[in-house]
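J.: What follows is query_14.txt, made up of compact mmCIF, C-alpha atoms:
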```txt
# COMPACT_ATOMS: atom_id res chain seq x y z
CA MET N 10 -30.75 -61.76 -41.33
CA GLY N 11 -33.35 -64.47 -41.49
CA ALA N 12 -33.28 -67.75 -39.61
CA TRP N 13 -34.15 -71.24 -40.63
CA SER N 14 -37.56 -72.34 -39.41
CA ALA N 15 -37.47 -75.03 -36.73
CA ARG N 16 -40.59 -76.69 -37.95
CA ARG N 17 -40.37 -79.49 -40.47
CA VAL N 18 -41.85 -78.64 -43.87
CA ALA N 19 -43.99 -81.31 -45.53
CA ALA N 20 -42.05 -82.91 -48.37
CA SER N 21 -42.98 -81.69 -51.83
CA ALA N 22 -43.64 -83.95 -54.79
CA VAL N 23 -40.23 -83.05 -56.16
CA ALA N 24 -38.45 -83.96 -52.93
CA ALA N 25 -40.35 -87.24 -52.71
CA LEU N 26 -39.46 -88.13 -56.25
CA LEU N 27 -35.77 -87.36 -55.74
CA THR N 28 -35.67 -89.40 -52.54
CA ALA N 29 -37.44 -92.33 -54.19
CA LEU N 30 -34.96 -92.39 -57.02
CA CYS N 31 -32.01 -92.23 -54.58
CA VAL N 32 -29.78 -90.79 -57.26
CA PRO N 33 -28.33 -87.30 -57.54
CA LEU N 34 -29.94 -85.04 -60.11
CA VAL N 35 -26.94 -84.43 -62.37
CA VAL N 36 -27.18 -81.79 -65.07
CA GLN N 37 -24.95 -82.58 -68.03
CA THR N 38 -23.16 -79.93 -70.02
CA ALA N 39 -22.16 -82.15 -72.94
CA ARG N 40 -18.58 -80.91 -73.00
CA THR N 41 -16.07 -82.11 -75.59
CA ARG N 42 -12.52 -83.30 -75.06
CA HIS N 43 -10.82 -80.45 -76.90
CA ASP N 44 -13.22 -77.59 -76.14
CA PRO N 45 -14.69 -77.87 -72.63
CA ALA N 46 -16.72 -74.68 -73.08
CA ALA N 47 -18.21 -75.67 -76.44
CA ALA N 48 -21.38 -77.23 -75.10
CA LEU N 49 -21.71 -75.58 -71.69
CA ALA N 50 -24.84 -73.92 -73.02
CA ARG N 51 -26.84 -77.11 -73.41
CA VAL N 52 -28.14 -77.46 -69.86
CA PRO N 53 -31.77 -78.56 -69.60
CA THR N 54 -34.13 -76.56 -67.44
CA PRO N 55 -35.01 -78.52 -64.25
CA ALA N 56 -38.25 -80.49 -64.46
CA VAL N 57 -41.44 -78.62 -63.59
CA SER N 58 -42.79 -79.53 -60.17
CA VAL N 59 -46.36 -80.75 -59.70
CA ASP N 60 -46.41 -78.77 -56.44
CA PRO N 61 -48.52 -75.55 -56.71
CA ARG N 62 -45.37 -73.70 -55.72
CA HIS N 63 -42.19 -73.72 -57.77
CA PHE N 64 -38.48 -73.23 -57.42
CA ALA N 65 -36.90 -69.88 -58.20
CA VAL N 66 -33.22 -69.00 -58.30
CA THR N 67 -32.24 -66.71 -55.41
CA TRP N 68 -28.49 -66.38 -56.07
CA ALA N 69 -26.11 -67.28 -58.86
CA ALA N 70 -22.59 -66.54 -60.11
CA SER N 71 -21.26 -67.53 -63.51
CA ALA N 72 -18.57 -70.19 -63.38
CA ASP N 73 -15.32 -69.95 -65.30
CA ARG N 74 -11.99 -71.77 -65.31
CA GLN N 75 -10.09 -71.40 -62.05
CA GLY N 76 -6.57 -72.58 -61.40
CA ALA N 77 -5.76 -75.88 -59.73
CA GLY N 78 -5.95 -76.05 -55.96
CA PRO N 79 -5.49 -78.63 -53.21
CA ALA N 80 -7.00 -82.03 -53.97
CA GLU N 81 -8.69 -82.01 -50.56
CA ARG N 82 -9.99 -78.84 -48.99
CA SER N 83 -13.00 -77.40 -47.21
CA TYR N 84 -14.66 -74.27 -48.59
CA ARG N 85 -16.96 -71.94 -46.65
CA LEU N 86 -18.71 -69.79 -49.27
CA VAL N 87 -20.70 -66.72 -48.26
CA VAL N 88 -23.45 -65.44 -50.60
CA ARG N 89 -26.30 -62.92 -50.33
CA THR N 90 -29.64 -64.33 -51.43
CA SER N 91 -32.55 -62.40 -52.96
CA VAL N 92 -35.99 -64.03 -52.88
CA GLY N 93 -36.95 -65.99 -49.78
CA GLY N 94 -38.63 -69.37 -49.62
CA ASP N 95 -38.25 -72.92 -48.37
CA ALA N 96 -36.71 -76.18 -49.60
CA LEU N 97 -33.36 -74.64 -50.47
CA ARG N 98 -31.27 -76.33 -53.17
CA ILE N 99 -27.71 -75.62 -54.22
CA ARG N 100 -26.08 -76.28 -57.57
CA LEU N 101 -22.47 -77.44 -57.63
CA THR N 102 -20.48 -77.27 -60.82
CA ASN N 103 -17.55 -79.12 -62.31
CA ALA N 104 -18.28 -77.53 -65.70
CA PHE N 105 -14.67 -76.64 -66.43
CA GLY N 106 -13.03 -79.60 -64.72
CA GLU N 107 -11.09 -82.25 -66.58
CA HIS N 108 -11.53 -84.90 -63.88
CA PRO N 109 -14.34 -85.99 -61.53
CA VAL N 110 -14.57 -84.20 -58.20
CA THR N 111 -16.17 -85.52 -55.02
CA PHE N 112 -18.13 -83.36 -52.62
CA ALA N 113 -17.75 -85.51 -49.51
CA SER N 114 -20.11 -83.32 -47.50
CA ALA N 115 -22.10 -80.13 -47.95
CA TYR N 116 -23.83 -77.92 -45.40
CA ALA N 117 -25.95 -74.78 -45.51
CA GLY N 118 -26.15 -72.27 -42.68
CA LEU N 119 -26.36 -68.57 -41.89
CA GLN N 120 -23.48 -66.20 -41.32
CA ARG N 121 -23.08 -64.63 -37.90
CA GLN N 122 -19.81 -62.86 -38.61
CA GLY N 123 -16.80 -63.79 -40.71
CA ALA N 124 -16.53 -67.57 -40.93
CA GLU N 125 -18.69 -68.05 -37.82
CA LEU N 126 -22.25 -69.28 -38.35
CA VAL N 127 -25.45 -68.62 -36.44
CA GLN N 128 -25.66 -71.31 -33.79
CA GLY N 129 -27.90 -74.18 -34.85
CA SER N 130 -28.26 -72.99 -38.45
CA ASN N 131 -25.72 -75.27 -40.18
CA ARG N 132 -27.49 -78.30 -41.64
CA PRO N 133 -26.36 -81.09 -43.96
CA LEU N 134 -27.39 -81.22 -47.60
CA THR N 135 -27.92 -84.46 -49.51
CA PHE N 136 -27.76 -85.53 -53.13
CA GLY N 137 -30.24 -88.24 -54.03
CA GLY N 138 -30.45 -89.05 -50.34
CA GLN N 139 -26.68 -89.43 -49.99
CA ALA N 140 -24.32 -87.18 -48.02
CA SER N 141 -21.68 -87.16 -50.75
CA VAL N 142 -21.69 -86.96 -54.53
CA THR N 143 -19.10 -87.32 -57.27
CA VAL N 144 -19.59 -84.98 -60.21
CA PRO N 145 -18.00 -85.98 -63.53
CA ALA N 146 -15.96 -83.53 -65.55
CA GLY N 147 -18.14 -81.06 -67.42
CA GLU N 148 -21.24 -81.69 -65.31
CA MET N 149 -23.23 -80.11 -62.48
CA VAL N 150 -25.39 -81.44 -59.68
CA LEU N 151 -28.43 -80.20 -57.76
CA SER N 152 -28.86 -80.99 -54.09
CA ASP N 153 -32.05 -82.39 -52.64
CA PRO N 154 -34.40 -79.73 -51.22
CA LEU N 155 -33.55 -78.85 -47.61
CA PRO N 156 -36.64 -78.52 -45.37
CA GLY N 157 -37.05 -75.15 -43.68
CA GLU N 158 -37.49 -71.48 -44.48
CA LEU N 159 -34.85 -69.07 -45.73
CA ALA N 160 -35.61 -65.36 -45.49
CA ALA N 161 -35.05 -62.96 -48.36
CA GLU N 162 -31.71 -61.12 -48.38
CA SER N 163 -30.02 -63.69 -46.15
CA ASP N 164 -26.27 -64.12 -45.74
CA LEU N 165 -26.22 -67.78 -46.65
CA VAL N 166 -23.11 -69.88 -46.05
CA VAL N 167 -22.50 -73.06 -48.02
CA SER N 168 -19.70 -75.24 -46.61
CA LEU N 169 -18.19 -77.96 -48.76
CA HIS N 170 -15.62 -80.67 -48.11
CA VAL N 171 -14.05 -81.40 -51.49
CA THR N 172 -11.86 -84.39 -52.30
CA GLY N 173 -10.23 -85.61 -55.47
CA ALA N 174 -10.06 -82.12 -56.99
CA VAL N 175 -7.38 -82.63 -59.64
CA GLY N 176 -6.57 -79.91 -62.15
CA MET N 177 -8.80 -76.99 -63.07
CA ARG N 178 -11.49 -75.90 -60.66
CA SER N 179 -14.78 -74.26 -61.63
CA GLY N 180 -15.80 -71.05 -59.93
CA HIS N 181 -16.40 -67.32 -60.11
CA PRO N 182 -13.23 -65.25 -59.77
CA LEU N 183 -14.59 -61.81 -58.81
CA ALA N 184 -16.74 -62.60 -55.79
CA LEU N 185 -16.25 -59.27 -54.00
CA GLN N 186 -17.16 -61.32 -50.94
CA THR N 187 -14.84 -62.82 -48.36
CA SER N 188 -15.21 -66.58 -48.14
CA TYR N 189 -13.04 -69.07 -46.27
CA ALA N 190 -11.09 -72.30 -46.64
CA ALA N 191 -9.58 -74.90 -44.34
CA ALA N 192 -7.49 -78.03 -44.60
CA GLY N 193 -9.42 -81.18 -43.69
CA ASP N 194 -13.15 -81.66 -43.19
CA HIS N 195 -14.71 -78.82 -41.19
CA ALA N 196 -17.92 -78.30 -43.17
CA ALA N 197 -20.18 -79.30 -40.26
CA GLU N 198 -18.59 -76.86 -37.81
CA GLU N 199 -20.28 -73.58 -36.94
CA ALA N 200 -17.28 -72.02 -35.21
CA ALA N 201 -14.72 -70.03 -37.20
CA THR N 202 -11.71 -71.56 -35.44
CA ASN N 203 -10.43 -73.76 -38.25
CA TRP N 204 -11.38 -71.46 -41.12
CA THR N 205 -8.14 -69.50 -41.21
CA ASP N 206 -7.68 -69.02 -44.98
CA THR N 207 -9.62 -66.32 -46.80
CA LEU N 208 -10.85 -66.48 -50.40
CA ASN N 209 -11.82 -63.77 -52.85
CA SER N 210 -13.53 -66.15 -55.30
CA TRP N 211 -16.42 -68.58 -55.14
CA TYR N 212 -15.47 -72.17 -55.98
CA TRP N 213 -17.76 -75.01 -57.10
CA LEU N 214 -21.02 -73.33 -56.03
CA ASP N 215 -22.79 -71.52 -58.89
CA ALA N 216 -26.48 -71.26 -57.93
CA VAL N 217 -28.97 -71.44 -55.07
CA SER N 218 -32.74 -71.77 -55.45
CA VAL N 219 -35.69 -71.84 -53.08
CA ARG N 220 -39.33 -72.90 -53.37
CA THR N 221 -41.87 -70.09 -53.42
CA SER N 222 -45.26 -69.16 -54.82
CA THR N 223 -45.79 -69.64 -58.55
CA ALA N 224 -46.74 -65.95 -58.59
CA ILE N 225 -43.11 -65.10 -57.75
CA SER N 226 -40.36 -65.12 -60.36
CA SER N 227 -36.68 -64.22 -60.83
CA VAL N 228 -34.69 -62.09 -63.24
CA VAL N 229 -31.21 -62.99 -64.50
CA THR N 230 -28.82 -60.11 -65.16
CA LEU N 231 -26.48 -61.20 -67.95
CA GLY N 232 -23.48 -58.95 -68.19
CA ASP N 233 -19.78 -58.14 -67.90
CA SER N 234 -17.60 -56.39 -65.30
CA ILE N 235 -20.14 -53.60 -64.76
CA THR N 236 -22.74 -56.17 -63.68
CA ASP N 237 -20.05 -58.20 -61.87
CA GLY N 238 -19.23 -55.16 -59.73
CA PHE N 239 -15.65 -54.44 -60.74
CA ALA N 240 -14.18 -51.41 -58.87
CA LEU N 241 -16.50 -51.83 -55.88
CA GLY N 242 -15.42 -52.69 -52.35
CA THR N 243 -15.48 -56.20 -50.89
CA ASN N 244 -18.44 -57.30 -48.76
CA THR N 245 -20.52 -54.24 -49.67
CA ASN N 246 -23.11 -55.98 -51.87
CA GLY N 247 -23.10 -52.80 -53.93
CA ARG N 248 -23.46 -54.17 -57.46
CA TRP N 249 -26.38 -52.72 -59.40
CA PRO N 250 -28.19 -56.12 -59.30
CA ASP N 251 -27.80 -56.04 -55.48
CA HIS N 252 -29.45 -52.63 -55.32
CA LEU N 253 -32.13 -53.88 -57.74
CA SER N 254 -32.80 -56.85 -55.46
CA ARG N 255 -33.35 -54.57 -52.49
CA ARG N 256 -35.79 -52.49 -54.53
CA LEU N 257 -37.70 -55.62 -55.56
CA GLN N 258 -37.96 -56.97 -52.01
CA ALA N 259 -39.37 -53.61 -50.88
CA ALA N 260 -41.92 -53.40 -53.70
CA PRO N 261 -45.14 -55.07 -52.46
CA ASP N 262 -46.73 -55.15 -55.92
CA SER N 263 -43.77 -56.68 -57.77
CA PRO N 264 -43.99 -60.40 -58.56
CA VAL N 265 -40.28 -60.39 -59.41
CA LYS N 266 -38.26 -61.06 -56.25
CA GLY N 267 -35.30 -63.22 -57.29
CA VAL N 268 -32.14 -61.76 -58.84
CA ALA N 269 -29.38 -63.94 -60.28
CA ASN N 270 -26.21 -62.02 -61.17
CA GLU N 271 -24.59 -63.70 -64.17
CA GLY N 272 -21.97 -61.05 -64.89
CA ILE N 273 -18.39 -62.03 -65.77
CA SER N 274 -15.69 -59.39 -65.78
CA GLY N 275 -14.32 -59.06 -69.32
CA ASN N 276 -17.12 -61.07 -70.91
CA LYS N 277 -18.24 -60.46 -74.50
CA VAL N 278 -21.41 -61.18 -76.41
CA LEU N 279 -19.73 -62.67 -79.48
CA ALA N 280 -16.31 -64.01 -78.46
CA GLY N 281 -14.90 -66.04 -75.61
CA GLY N 282 -12.02 -65.09 -73.34
CA ALA N 283 -13.18 -64.10 -69.89
CA GLY N 284 -15.67 -66.93 -69.69
CA PRO N 285 -17.49 -68.33 -72.71
CA ALA N 286 -19.19 -65.71 -74.87
CA ALA N 287 -22.67 -64.73 -73.74
CA LEU N 288 -24.08 -66.55 -76.75
CA ARG N 289 -22.42 -69.78 -75.62
CA ARG N 290 -23.13 -69.58 -71.92
CA PHE N 291 -26.72 -68.39 -72.27
CA ASP N 292 -28.45 -71.71 -71.68
CA ARG N 293 -26.30 -72.67 -68.70
CA ASP N 294 -26.21 -69.26 -67.02
CA VAL N 295 -29.76 -68.15 -67.83
CA LEU N 296 -32.22 -70.72 -69.13
CA SER N 297 -31.17 -73.54 -66.79
CA HIS N 298 -32.20 -71.60 -63.68
CA PRO N 299 -35.69 -72.28 -62.28
CA GLY N 300 -38.37 -69.64 -61.92
CA VAL N 301 -36.80 -67.18 -64.36
CA ASP N 302 -39.31 -65.19 -66.40
CA THR N 303 -37.09 -62.29 -67.45
CA VAL N 304 -33.54 -61.82 -68.71
CA PHE N 305 -31.78 -58.46 -68.38
CA VAL N 306 -28.98 -58.10 -70.97
CA HIS N 307 -26.27 -55.50 -70.39
CA GLU N 308 -23.25 -56.55 -72.45
CA GLY N 309 -21.34 -55.24 -75.43
CA ILE N 310 -18.73 -52.79 -74.19
CA ASN N 311 -15.99 -55.44 -74.25
CA ASP N 312 -16.87 -56.43 -77.82
CA ILE N 313 -16.61 -52.76 -78.82
CA LYS N 314 -13.45 -51.66 -77.01
CA ALA N 315 -11.40 -54.78 -77.80
CA HIS N 316 -10.57 -53.47 -81.31
CA THR N 317 -11.62 -56.73 -82.95
CA GLY N 318 -13.39 -54.91 -85.77
CA VAL N 319 -16.86 -55.68 -84.42
CA THR N 320 -19.62 -53.86 -86.30
CA VAL N 321 -23.04 -52.60 -85.31
CA ASP N 322 -24.63 -55.30 -87.45
CA ALA N 323 -22.56 -58.10 -85.89
CA LEU N 324 -23.23 -57.06 -82.31
CA THR N 325 -26.93 -56.44 -82.82
CA ALA N 326 -27.23 -59.82 -84.55
CA GLY N 327 -25.80 -61.33 -81.38
CA TYR N 328 -28.40 -59.53 -79.26
CA ARG N 329 -31.12 -60.75 -81.60
CA GLN N 330 -29.96 -64.35 -81.12
CA LEU N 331 -30.15 -63.98 -77.33
CA VAL N 332 -33.65 -62.53 -77.57
CA ASP N 333 -34.85 -65.22 -79.97
CA ARG N 334 -33.55 -68.00 -77.73
CA ALA N 335 -35.12 -66.43 -74.64
CA HIS N 336 -38.46 -65.97 -76.39
CA ALA N 337 -38.38 -69.56 -77.61
CA ALA N 338 -38.03 -70.60 -73.95
CA GLY N 339 -40.91 -68.35 -72.89
CA ARG N 340 -38.79 -65.64 -71.27
CA CYS N 341 -38.93 -61.89 -71.76
CA VAL N 342 -35.80 -59.86 -72.40
CA VAL N 343 -34.91 -56.38 -71.18
CA GLY N 344 -32.06 -54.73 -73.06
CA ALA N 345 -29.84 -51.99 -71.64
CA THR N 346 -27.86 -49.47 -73.64
CA VAL N 347 -24.05 -49.57 -73.58
CA MET N 348 -22.56 -46.99 -71.22
CA PRO N 349 -19.93 -44.37 -72.15
CA TYR N 350 -16.21 -45.03 -71.73
CA GLN N 351 -14.21 -42.03 -72.95
CA GLY N 352 -10.99 -41.87 -70.94
CA TRP N 353 -10.56 -45.65 -70.77
CA PRO N 354 -7.26 -46.61 -72.48
CA GLU N 355 -9.00 -48.54 -75.29
CA TYR N 356 -11.36 -45.70 -76.19
CA ASP N 357 -11.28 -44.43 -79.77
CA ALA N 358 -13.61 -42.71 -82.21
CA ALA N 359 -14.31 -45.88 -84.17
CA GLY N 360 -15.47 -47.73 -81.06
CA GLU N 361 -17.58 -44.76 -80.03
CA ALA N 362 -19.32 -44.80 -83.41
CA VAL N 363 -20.18 -48.48 -82.94
CA ARG N 364 -21.46 -47.82 -79.43
CA GLN N 365 -23.73 -45.03 -80.65
CA GLY N 366 -25.03 -47.21 -83.49
CA VAL N 367 -25.66 -50.15 -81.15
CA ASN N 368 -27.49 -47.93 -78.65
CA ASP N 369 -29.66 -46.47 -81.39
CA TRP N 370 -30.62 -50.03 -82.39
CA ILE N 371 -31.34 -51.06 -78.79
CA ARG N 372 -33.59 -48.04 -78.27
CA HIS N 373 -35.52 -48.18 -81.54
CA SER N 374 -35.42 -51.70 -83.05
CA GLY N 375 -38.28 -53.07 -80.95
CA VAL N 376 -36.45 -56.39 -80.58
CA PHE N 377 -36.28 -56.22 -76.77
CA ASP N 378 -39.45 -56.48 -74.72
CA ALA N 379 -38.31 -53.41 -72.76
CA VAL N 380 -35.31 -51.10 -72.75
CA VAL N 381 -33.44 -49.44 -69.87
CA ASP N 382 -31.27 -46.53 -71.03
CA PHE N 383 -28.17 -46.89 -68.82
CA ASP N 384 -26.28 -44.69 -71.27
CA ARG N 385 -28.61 -41.76 -70.71
CA VAL N 386 -28.61 -42.26 -66.94
CA THR N 387 -24.83 -42.43 -66.48
CA ARG N 388 -23.38 -40.13 -69.17
CA SER N 389 -22.06 -36.65 -68.53
CA PRO N 390 -24.33 -33.84 -69.76
CA ASP N 391 -21.18 -31.94 -70.73
CA ASP N 392 -19.80 -34.79 -72.86
CA PRO N 393 -22.09 -37.74 -73.65
CA ARG N 394 -19.06 -39.86 -74.57
CA ALA N 395 -17.95 -39.91 -70.91
CA LEU N 396 -19.36 -41.11 -67.61
CA LEU N 397 -20.81 -38.50 -65.29
CA PRO N 398 -17.90 -37.74 -62.89
CA LEU N 399 -20.21 -38.28 -59.91
CA PHE N 400 -20.70 -41.90 -61.05
CA ASP N 401 -17.14 -42.61 -62.24
CA SER N 402 -15.03 -45.01 -60.17
CA GLY N 403 -11.97 -43.28 -61.59
CA ASP N 404 -11.17 -45.54 -64.54
CA HIS N 405 -13.84 -43.91 -66.78
CA LEU N 406 -15.53 -47.24 -67.53
CA HIS N 407 -16.81 -48.75 -64.29
CA PRO N 408 -19.34 -46.91 -62.14
CA ASN N 409 -18.82 -46.36 -58.43
CA ASP N 410 -21.45 -47.13 -55.80
CA ARG N 411 -23.44 -44.01 -56.64
CA GLY N 412 -23.43 -45.02 -60.28
CA MET N 413 -24.53 -48.54 -59.40
CA ARG N 414 -27.43 -47.17 -57.37
CA ALA N 415 -28.43 -44.87 -60.21
CA MET N 416 -28.46 -47.81 -62.62
CA ALA N 417 -30.67 -49.89 -60.32
CA ASP N 418 -32.98 -46.93 -59.72
CA ALA N 419 -33.35 -46.44 -63.48
CA VAL N 420 -34.98 -49.85 -63.90
CA ASP N 421 -38.75 -49.65 -64.18
CA LEU N 422 -39.78 -52.61 -62.03
CA ALA N 423 -42.86 -53.12 -64.18
CA ALA N 424 -40.55 -53.77 -67.16
CA LEU N 425 -39.30 -56.92 -65.42
CA ARG N 426 -42.72 -58.55 -65.47
CA CYS N 427 -43.22 -61.08 -68.23
CA ASP N 428 -46.52 -62.35 -69.65
CA ARG N 429 -45.12 -64.64 -72.35
```
Could you take the file, read its structure, and then write that structure out as structure tokens?
T.:
Amino acid sequence: MGAWSARRVAASAVAALLTALCVPLVVQTARTRHDPAAALARVPTPAVSVDPRHFAVTWAASADRQGAGPAERSYRLVVRTSVGGDALRIRLTNAFGEHPVTFASAYAGLQRQGAELVQGSNRPLTFGGQASVTVPAGEMVLSDPLPGELAAESDLVVSLHVTGAVGMRSGHPLALQTSYAAAGDHAAEEAATNWTDTLNSWYWLDAVSVRTSTAISSVVTLGDSITDGFALGTNTNGRWPDHLSRRLQAAPDSPVKGVANEGISGNKVLAGGAGPAALRRFDRDVLSHPGVDTVFVHEGINDIKAHTGVTVDALTAGYRQLVDRAHAAGRCVVGATVMPYQGWPEYDAAGEAVRQGVNDWIRHSGVFDAVVDFDRVTRSPDDPRALLPLFDSGDHLHPNDRGMRAMADAVDLAALRCDR
């Protein structure tokens, strides 16, 4: 676990500009009254810094609608970062809210154990130089850069005191990470004493970025429950993007160090439901993050097994739209084949035919900049319609930890590099 550097880092041009303006950098999502998810995609990419270094996303989790909670509450959110750097920034989201929400205070520290923080690590964050910020419904906000170093693969803890939270909250339901909550304002505390409630979801926080060399970049993994880590244990950091991150940190010749997991359990490419469709959340969950050169797309199984009549042509047209939009923004796209699911209750021959047709297109169309064949890696040699039993969590759709490791190991790290 890394520690914050005690030395003061010279302020970057970006930090100076934000301080001079004395206003929070709010990112608008242009939501509409009747369809709050309709324009969540239109989030501008943060301005390019004049500093020779740049910001790169080190952690992310796709936000979705969460049920109403207490109007005032403190949240202690535990996340595992990827790439290391300095000048940490967090992104707070009220994307699905119907009313403004106030973050009365926000702190960033390092986890010692449970809700307890490493002594001396918890430090206040500001927004346009102010300790608190009110975020309108449908919008997000970036914190000012926090001086100091954050090591790669750190257990970062973001503590928030939230007030005026009326109605729907924004957050990620399947955290697979124990976080904490408390009544009243305890965000500045490093002890665990008052943090008696446990949480299985992340609320309000949807991204963390750090400043690093311009030679370093991040990859966003856009996916569904397989990328989200469904069927894995809590606090294991065993999702395939987690294993990929560890590989990237250990690879001295890889310029890709950041990994942002934008998987939503149940998500589809073409239709909404469990979160906005990938086509609609692409800008917010992918293109808005700093330092991203490559997008890794592994979605489609939910479109296929939902019995909506989706065709090979319809699903591949959706993939093509994602690729075109990424290319227009200067990003490369890696596509992964759709994994087998025979034995899952929704399996049928018609869906299997679509899956095979889609995988043939992914492998041979040339639309993606690179392809990772997750189907080949995880299928049973005895029946290619089914997961290899060694990798099957037991539900015949979601891989276990061994399967997740095999998926991460199947990624050619060189395929993540982008020269666009």
J.: Here is a test: counting only C-alpha atoms, which residue of N:His316, N:Met413, N:Gly309, N:Arg121 is nearest to Gly366 in chain N?
T.: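 Using only C-alpha atoms, Gly366 in chain N sits closest to N:Gly309.
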J.: With only C-alpha atoms as the atoms that count, which of N:Val321, N:Val306, N:Leu155, N:Cys341 lies nearest to Val381 in chain N?
T.: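 Among N:Val321, N:Val306, N:Leu155, N:Cys341, it is N:Val306 that comes nearest to Val381 in chain N.
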J.: Which residue is closest to Ala160 in chain N? Choose from N:Gly94, N:Gly238, N:Gly138, N:Gly247 and count all atoms listed in the file.
T.: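 For Ala160 in chain N, the nearest of the candidates is N:Gly94.
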J.: If we count only C-alpha atoms, what is near range 282-289 of chain N at a cut-off of 7 Å, once residues fewer than 3 positions away on the same chain are taken out, given as a list in words?
T.: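 Everything that qualifies: Ala46, Ala50, Asp73, Ile273, Ser274, Gly275, Asn276, Lys277, Val278, Leu279 and Leu331 of chain N.
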J.: Write a file of the selected residues as a PDB file, in the frame of the given file, keeping C-alpha atoms.
T.:
```pdb
ATOM      1  CA  ALA N  46     -16.720 -74.680 -73.080  1.00  0.00           C
ATOM      2  CA  ALA N  50     -24.840 -73.920 -73.020  1.00  0.00           C
ATOM      3  CA  ASP N  73     -15.320 -69.950 -65.300  1.00  0.00           C
ATOM      4  CA  ILE N 273     -18.390 -62.030 -65.770  1.00  0.00           C
ATOM      5  CA  SER N 274     -15.690 -59.390 -65.780  1.00  0.00           C
ATOM      6  CA  GLY N 275     -14.320 -59.060 -69.320  1.00  0.00           C
ATOM      7  CA  ASN N 276     -17.120 -61.070 -70.910  1.00  0.00           C
ATOM      8  CA  LYS N 277     -18.240 -60.460 -74.500  1.00  0.00           C
ATOM      9  CA  VAL N 278     -21.410 -61.180 -76.410  1.00  0.00           C
ATOM     10  CA  LEU N 279     -19.730 -62.670 -79.480  1.00  0.00           C
ATOM     11  CA  LEU N 331     -30.150 -63.980 -77.330  1.00  0.00           C
TER      12      LEU N 331
END
```
J.: Pull the neighbourhood of (-14.9, -65.2, -44.1) for me: all residues within 12 Å in file coordinates, counting all atoms listed in the file, as a ChimeraX atom specification.
T.: /N:84-88,120-126,164-168,185-191,200-211,243-244
J.: Calculate how many Å separate CA of Arg385 in chain N from CA of His336 in chain N, rounding to one decimal.
T.: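 It comes out at 26.7 Å.
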J.: Using only C-alpha atoms, can you tell me which of N:Ala345, N:Ala423, N:Val142, N:Ala240 comes closest to Leu406 in chain N?
T.: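 Smallest distance to Leu406 in chain N is found for N:Ala240.
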J.: Please measure the separation of CA of Arg340 in chain N and CA of Phe305 in chain N, giving the value in Å to one decimal.
T.: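 According to the coordinates, CA of Arg340 in chain N and CA of Phe305 in chain N are separated by 10.4 Å.
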J.: Let me have the centre and edge lengths in Å, one decimal, of the box along x, y and z around every listed atom of range 347-358 of chain N with 8 Å of margin on each side, as JSON.
T.:
```
{"center_x": -15.7, "center_y": -45.7, "center_z": -76.5, "size_x": 32.8, "size_y": 23.7, "size_z": 27.4}
```
J.: Interatomic distance between CA of Pro109 in chain N and CA of Thr135 in chain N?
T.: 18.2 Å
